[in-house]
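Enquirer: Here it is, the structure, as structure tokens.
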Amino acid sequence: MSSKVNTAVVLGGGIIGVSAATHLTRRGVSVQLVTDAEPASGASGRSLSWLNSAGERSKPYHELRMAGIDRYRTLFAADPSREWLRFDGALYWPTADEADAAVARHEYEARHGYDSHLVTGETVKAHTDDVDPAAMVADGVFNPGEGWVSLPHLIDHLLEEFAAAGGTLITGAGRSEVVVEGGRAVGVRTADGRTVTGDAVVVACGPQTPKVVEPLGVTIGDASPVSMVVISEPLEKDVTTVMNTPRAAIRPNPGRTLAVDHDWYEESITGDESGYDIPEEVIDELMDEAAKLLDGVDSLPKASWKIGRKPIPGDGEPVFGELEQVPGCYAAFTHSGATLGLLSGELIAYELTTGEKHPMLETFRPERFAGSAENAA
């Protein structure tokens, strides 16, 4: 790791960037946070933001996610009345053709102490009243320790602290680039040519991160698909459980609304980053599928939807670390932006202000993609 920093520029107004900026100010760093449009206008504004470490993944990634959930529990304990952060559990079930998947998932989770309960249509009501048992086409898994967060609300919460600590927020910067002098990152140049300088630069631009560092001669694998999240009209009843099912995934959202997404409709999305579109009947079909999951809910009208690229690194694992080729430039890119949102900012700030590499990030360095055409695809 290069020398400690006193000033920093953070590029990206999503949860990773805002968290890094806020944690850096907590450590006494003077921070300028630069975002292309407004905070939460990108992937963080269309995230399902389910807080979990369910299913199978590498041990370091599981440990990182569990530590990430721990930070949310601390925030939740400070004020359990917040409607944008809850821990009321999550329910998963596979397709009827993959009925054994729930048993395998439950057994895997149980082996490493993850709170996991195998449920059927007959027993699910002992865990949640939200689901219509008839919708369960296979046995499922209920994880009572999981939760959800509304990232736009969390970003607003962190930005209040950031501003109070003297941080500077620069919005509407457009597509910005990292400025390198003498082989070291010294700042960011905005779309209108303004240069914002700092001892270090944190690139946390969601799915755009690989493209931002590519001109620096750095390859980061990118598998980010185009996806969508739909927000429903308010429901008459409370729904508290996150659900991950074969045709729809849902989570509660402030104001008695629901956030809904999945991936089966992704091929129906047309356009490019200048603008995406999807037939409205496909959105209605997704919301019909979501309504079928809920006990006592006949329909789930859509209120709004957002489409864009969902950040996923090429090998599925997070990317965190200072670029060896460009000292002073730190890259942060992960699919689990919500679950790692608070922790990632903490660890980035630790590395930049101590000059030491944190052991929890050892396997997630950007250089693992160097020379790998498969991971870079």
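Chains: A, B, ... in order of the structure tokens. Residues: from 1 per chain. Ligands: from 1, in order shown.
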Near Ala223 of chain A, within 6 Å and counting only C-alpha atoms, which residues show up once chain neighbours fewer than 2 positions away are dropped, as number ranges by chain?

Expert: A: 312-314

Enquirer: Could you make a table, as JSON lines, of the residues of segment 231-299 of chain A that have an atom within 8 Å of an atom of segment 114-134 of chain A, each with its nearest atom pair and distance in Å to one decimal, counting only C-alpha atoms, in chain and number order?

Expert:
{"residue": "A:Val239", "atom": "CA", "partner": "A:Asp130", "partner_atom": "CA", "distance": 5.9}
{"residue": "A:Thr240", "atom": "CA", "partner": "A:Asp130", "partner_atom": "CA", "distance": 7.1}
{"residue": "A:Thr241", "atom": "CA", "partner": "A:Asp130", "partner_atom": "CA", "distance": 6.7}
{"residue": "A:Lys292", "atom": "CA", "partner": "A:Asp132", "partner_atom": "CA", "distance": 7.3}
{"residue": "A:Leu293", "atom": "CA", "partner": "A:Asp132", "partner_atom": "CA", "distance": 5.5}
{"residue": "A:Leu294", "atom": "CA", "partner": "A:Val131", "partner_atom": "CA", "distance": 4.7}
{"residue": "A:Asp295", "atom": "CA", "partner": "A:Asp132", "partner_atom": "CA", "distance": 4.2}
{"residue": "A:Gly296", "atom": "CA", "partner": "A:Asp132", "partner_atom": "CA", "distance": 7.7}

Enquirer: Output the selection as a PDB file, in the first residue's frame - N, CA and C atoms for each residue.

Expert:
ATOM      1  N   VAL A 239     -45.990  -5.943   4.345  1.00  0.00           N
ATOM      2  CA  VAL A 239     -45.200  -7.097   3.923  1.00  0.00           C
ATOM      3  C   VAL A 239     -43.802  -6.876   4.474  1.00  0.00           C
ATOM      4  N   THR A 240     -43.283  -7.850   5.208  1.00  0.00           N
ATOM      5  CA  THR A 240     -41.993  -7.665   5.868  1.00  0.00           C
ATOM      6  C   THR A 240     -40.896  -8.588   5.360  1.00  0.00           C
ATOM      7  N   THR A 241     -41.241  -9.626   4.603  1.00  0.00           N
ATOM      8  CA  THR A 241     -40.287 -10.659   4.227  1.00  0.00           C
ATOM      9  C   THR A 241     -39.722 -10.442   2.826  1.00  0.00           C
ATOM     10  N   LYS A 292     -48.695 -13.013  -6.996  1.00  0.00           N
ATOM     11  CA  LYS A 292     -49.033 -14.404  -6.688  1.00  0.00           C
ATOM     12  C   LYS A 292     -48.319 -14.917  -5.440  1.00  0.00           C
ATOM     13  N   LEU A 293     -47.206 -14.289  -5.092  1.00  0.00           N
ATOM     14  CA  LEU A 293     -46.438 -14.747  -3.936  1.00  0.00           C
ATOM     15  C   LEU A 293     -47.085 -14.361  -2.620  1.00  0.00           C
ATOM     16  N   LEU A 294     -47.926 -13.349  -2.630  1.00  0.00           N
ATOM     17  CA  LEU A 294     -48.375 -12.703  -1.406  1.00  0.00           C
ATOM     18  C   LEU A 294     -49.763 -13.166  -0.978  1.00  0.00           C
ATOM     19  N   ASP A 295     -49.878 -13.523   0.266  1.00  0.00           N
ATOM     20  CA  ASP A 295     -51.158 -13.942   0.813  1.00  0.00           C
ATOM     21  C   ASP A 295     -52.050 -12.720   1.005  1.00  0.00           C
ATOM     22  N   GLY A 296     -53.253 -12.777   0.458  1.00  0.00           N
ATOM     23  CA  GLY A 296     -54.206 -11.689   0.627  1.00  0.00           C
ATOM     24  C   GLY A 296     -53.999 -10.517  -0.302  1.00  0.00           C
TER      25      GLY A 296
END

Enquirer: Per residue of segment 122-236 of chain A within 6 Å of segment 71-95 of chain A, record the nearest atom pair and its distance in Å to one decimal, counting only C-alpha atoms, with rows in chain order and ascending residue number, as JSON lines.

Expert:
{"residue": "A:Gly140", "atom": "CA", "partner": "A:Trp93", "partner_atom": "CA", "distance": 4.1}
{"residue": "A:Val141", "atom": "CA", "partner": "A:Tyr92", "partner_atom": "CA", "distance": 5.2}
{"residue": "A:Phe142", "atom": "CA", "partner": "A:Leu91", "partner_atom": "CA", "distance": 4.5}
{"residue": "A:Asn143", "atom": "CA", "partner": "A:Ala90", "partner_atom": "CA", "distance": 5.3}
{"residue": "A:Pro144", "atom": "CA", "partner": "A:Gly89", "partner_atom": "CA", "distance": 3.9}
{"residue": "A:Gly145", "atom": "CA", "partner": "A:Gly89", "partner_atom": "CA", "distance": 5.5}
{"residue": "A:Glu146", "atom": "CA", "partner": "A:Gly89", "partner_atom": "CA", "distance": 4.6}
{"residue": "A:Gly147", "atom": "CA", "partner": "A:Phe87", "partner_atom": "CA", "distance": 3.9}
{"residue": "A:Trp148", "atom": "CA", "partner": "A:Arg86", "partner_atom": "CA", "distance": 5.7}
{"residue": "A:Val149", "atom": "CA", "partner": "A:Leu85", "partner_atom": "CA", "distance": 4.5}
{"residue": "A:Ser150", "atom": "CA", "partner": "A:Trp84", "partner_atom": "CA", "distance": 5.2}

Enquirer: Write the selection just made, keeping N, CA and C atoms, as a compact mmCIF listing (two decimals), in the first residue's frame?

Expert:
# COMPACT_ATOMS: atom_id res chain seq x y z
N GLY A 140 -38.77 -24.77 0.44
CA GLY A 140 -37.94 -23.58 0.44
C GLY A 140 -37.06 -23.47 1.68
N VAL A 141 -36.36 -22.35 1.78
CA VAL A 141 -35.49 -22.06 2.92
C VAL A 141 -35.85 -20.70 3.46
N PHE A 142 -36.06 -20.63 4.78
CA PHE A 142 -36.29 -19.35 5.44
C PHE A 142 -35.06 -19.02 6.28
N ASN A 143 -34.53 -17.80 6.06
CA ASN A 143 -33.37 -17.32 6.80
C ASN A 143 -33.78 -16.13 7.66
N PRO A 144 -34.04 -16.35 8.96
CA PRO A 144 -34.58 -15.29 9.80
C PRO A 144 -33.63 -14.14 10.07
N GLY A 145 -32.32 -14.34 9.88
CA GLY A 145 -31.37 -13.28 10.18
C GLY A 145 -31.14 -12.29 9.06
N GLU A 146 -31.79 -12.49 7.92
CA GLU A 146 -31.56 -11.61 6.78
C GLU A 146 -32.46 -10.39 6.82
N GLY A 147 -32.10 -9.38 6.04
CA GLY A 147 -32.87 -8.15 6.04
C GLY A 147 -32.77 -7.42 4.71
N TRP A 148 -33.07 -6.13 4.75
CA TRP A 148 -33.03 -5.31 3.55
C TRP A 148 -32.78 -3.86 3.94
N VAL A 149 -32.33 -3.09 2.96
CA VAL A 149 -32.10 -1.66 3.17
C VAL A 149 -32.53 -0.93 1.90
N SER A 150 -33.07 0.25 2.07
CA SER A 150 -33.32 1.14 0.93
C SER A 150 -32.07 2.00 0.76

Enquirer: Among the residues of segment 256-335 of chain A, find those DSSP assigns to strand (DSSP E) from the backbone and print them as a ChimeraX atom specification.

Expert: /A:257-261,270-272,275-277,302-309,319-322,329-333

Enquirer: Compare A:Leu343, A:Ile307, A:Ile269, A:Val18 by their minimum atom-to-atom distance to Phe162 of chain A, counting only C-alpha atoms, and give me the closest one.

Expert: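 Of A:Leu343, A:Ile307, A:Ile269, A:Val18, the one nearest Phe162 of chain A, counting only C-alpha atoms, is A:Val18.
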
Enquirer: Select, from A:Ala248, A:Arg26, A:Ala138, A:Lys306, the residue with the minimum atom-to-atom distance to Asp277 of chain A, counting only C-alpha atoms.

Expert: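 Closest to Asp277 of chain A of all the choices is A:Lys306.
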
Enquirer: So that I can see what lies close to Pro39 of chain A, please list as a PyMOL selection string the residues with an atom at most 12 Å from it, counting only C-alpha atoms and leaving out residues fewer than 4 positions away in the same chain.

Expert: chain A and resi 11-19+33-35+43-45+151-159+169-173+205

Enquirer: So which residues touch Ser53 of chain A within 7 Å, counting only C-alpha atoms, skipping near sequence neighbours fewer than 2 positions away, as a VMD selection string?

Expert: chain A and resid 55 62 65 to 66

Enquirer: Near segment 331-336 of chain A, counting only C-alpha atoms, which residues have an atom at most 8 Å away, once you skip same-chain residues fewer than 2 positions from it, shown as a list of chain:residue names?

Expert: A:Ile16, A:Val202, A:Val203, A:Ala204, A:Cys205, A:Gly206, A:Pro207, A:Thr209, A:Val213, A:Lys310, A:Pro311, A:Ile312, A:Pro313, A:Gly316, A:Glu317, A:Pro318, A:Val319, A:Phe320, A:Gly321, A:Glu322, A:Leu323, A:Cys329, A:Ala338, A:Thr339, A:Leu340, A:Gly341, A:Pro366

Enquirer: Just want the 8 Å neighbourhood of segment 164-166 of chain A, counted on only C-alpha atoms, with same-chain residues fewer than 2 positions away dropped. Output as a ChimeraX atom specification.

Expert: /A:25-26,30,160-162,168

Enquirer: Calculate how many Å separate atom CA of Trp305 of chain A from atom CA of Pro252 of chain A, rounding to one decimal.

Expert: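 Computing it gives 15.2 Å between the two atoms.
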
Enquirer: What does the distance from atom CA of Asn253 of chain A to atom CA of Gly271 of chain A come to in Å, to one decimal?

Expert: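 Atom CA of Gly271 of chain A lies at a distance of 27.9 Å from atom CA of Asn253 of chain A.
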
Enquirer: With distances taken over only C-alpha atoms, which of A:Gly68, A:Gly187, A:Ala370, A:Ser232 is nearest to Gly217 of chain A?

Expert: A:Ala370

Enquirer: Using only C-alpha atoms, pick whichever of A:Glu280, A:Glu56, A:Glu236, A:Asp315 has the shortest atom-to-atom distance to Arg111 of chain A.

Expert: A:Glu56

Enquirer: Based on DSSP run over this structure's backbone, return all residues of segment 54-233 of chain A in helix (DSSP H, G or I), as a VMD selection string.

Expert: chain A and resid 59 to 78 96 to 98 100 to 111 124 to 126 133 to 135 151 to 164 206 to 216

Enquirer: Kindly indicate which residue among A:Arg57, A:Lys211, A:Arg194, A:Lys302 lies nearest to Leu235 of chain A, using only C-alpha atoms for the distances.

Expert: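 Looking only at the distances to Leu235 of chain A, the closest residue turns out to be A:Lys302.
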
Enquirer: Calculate how many Å separate atom CA of Gly28 of chain A from atom CA of Asp70 of chain A, rounding to one decimal.

Expert: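 Distance between the two atoms: 23.9 Å.
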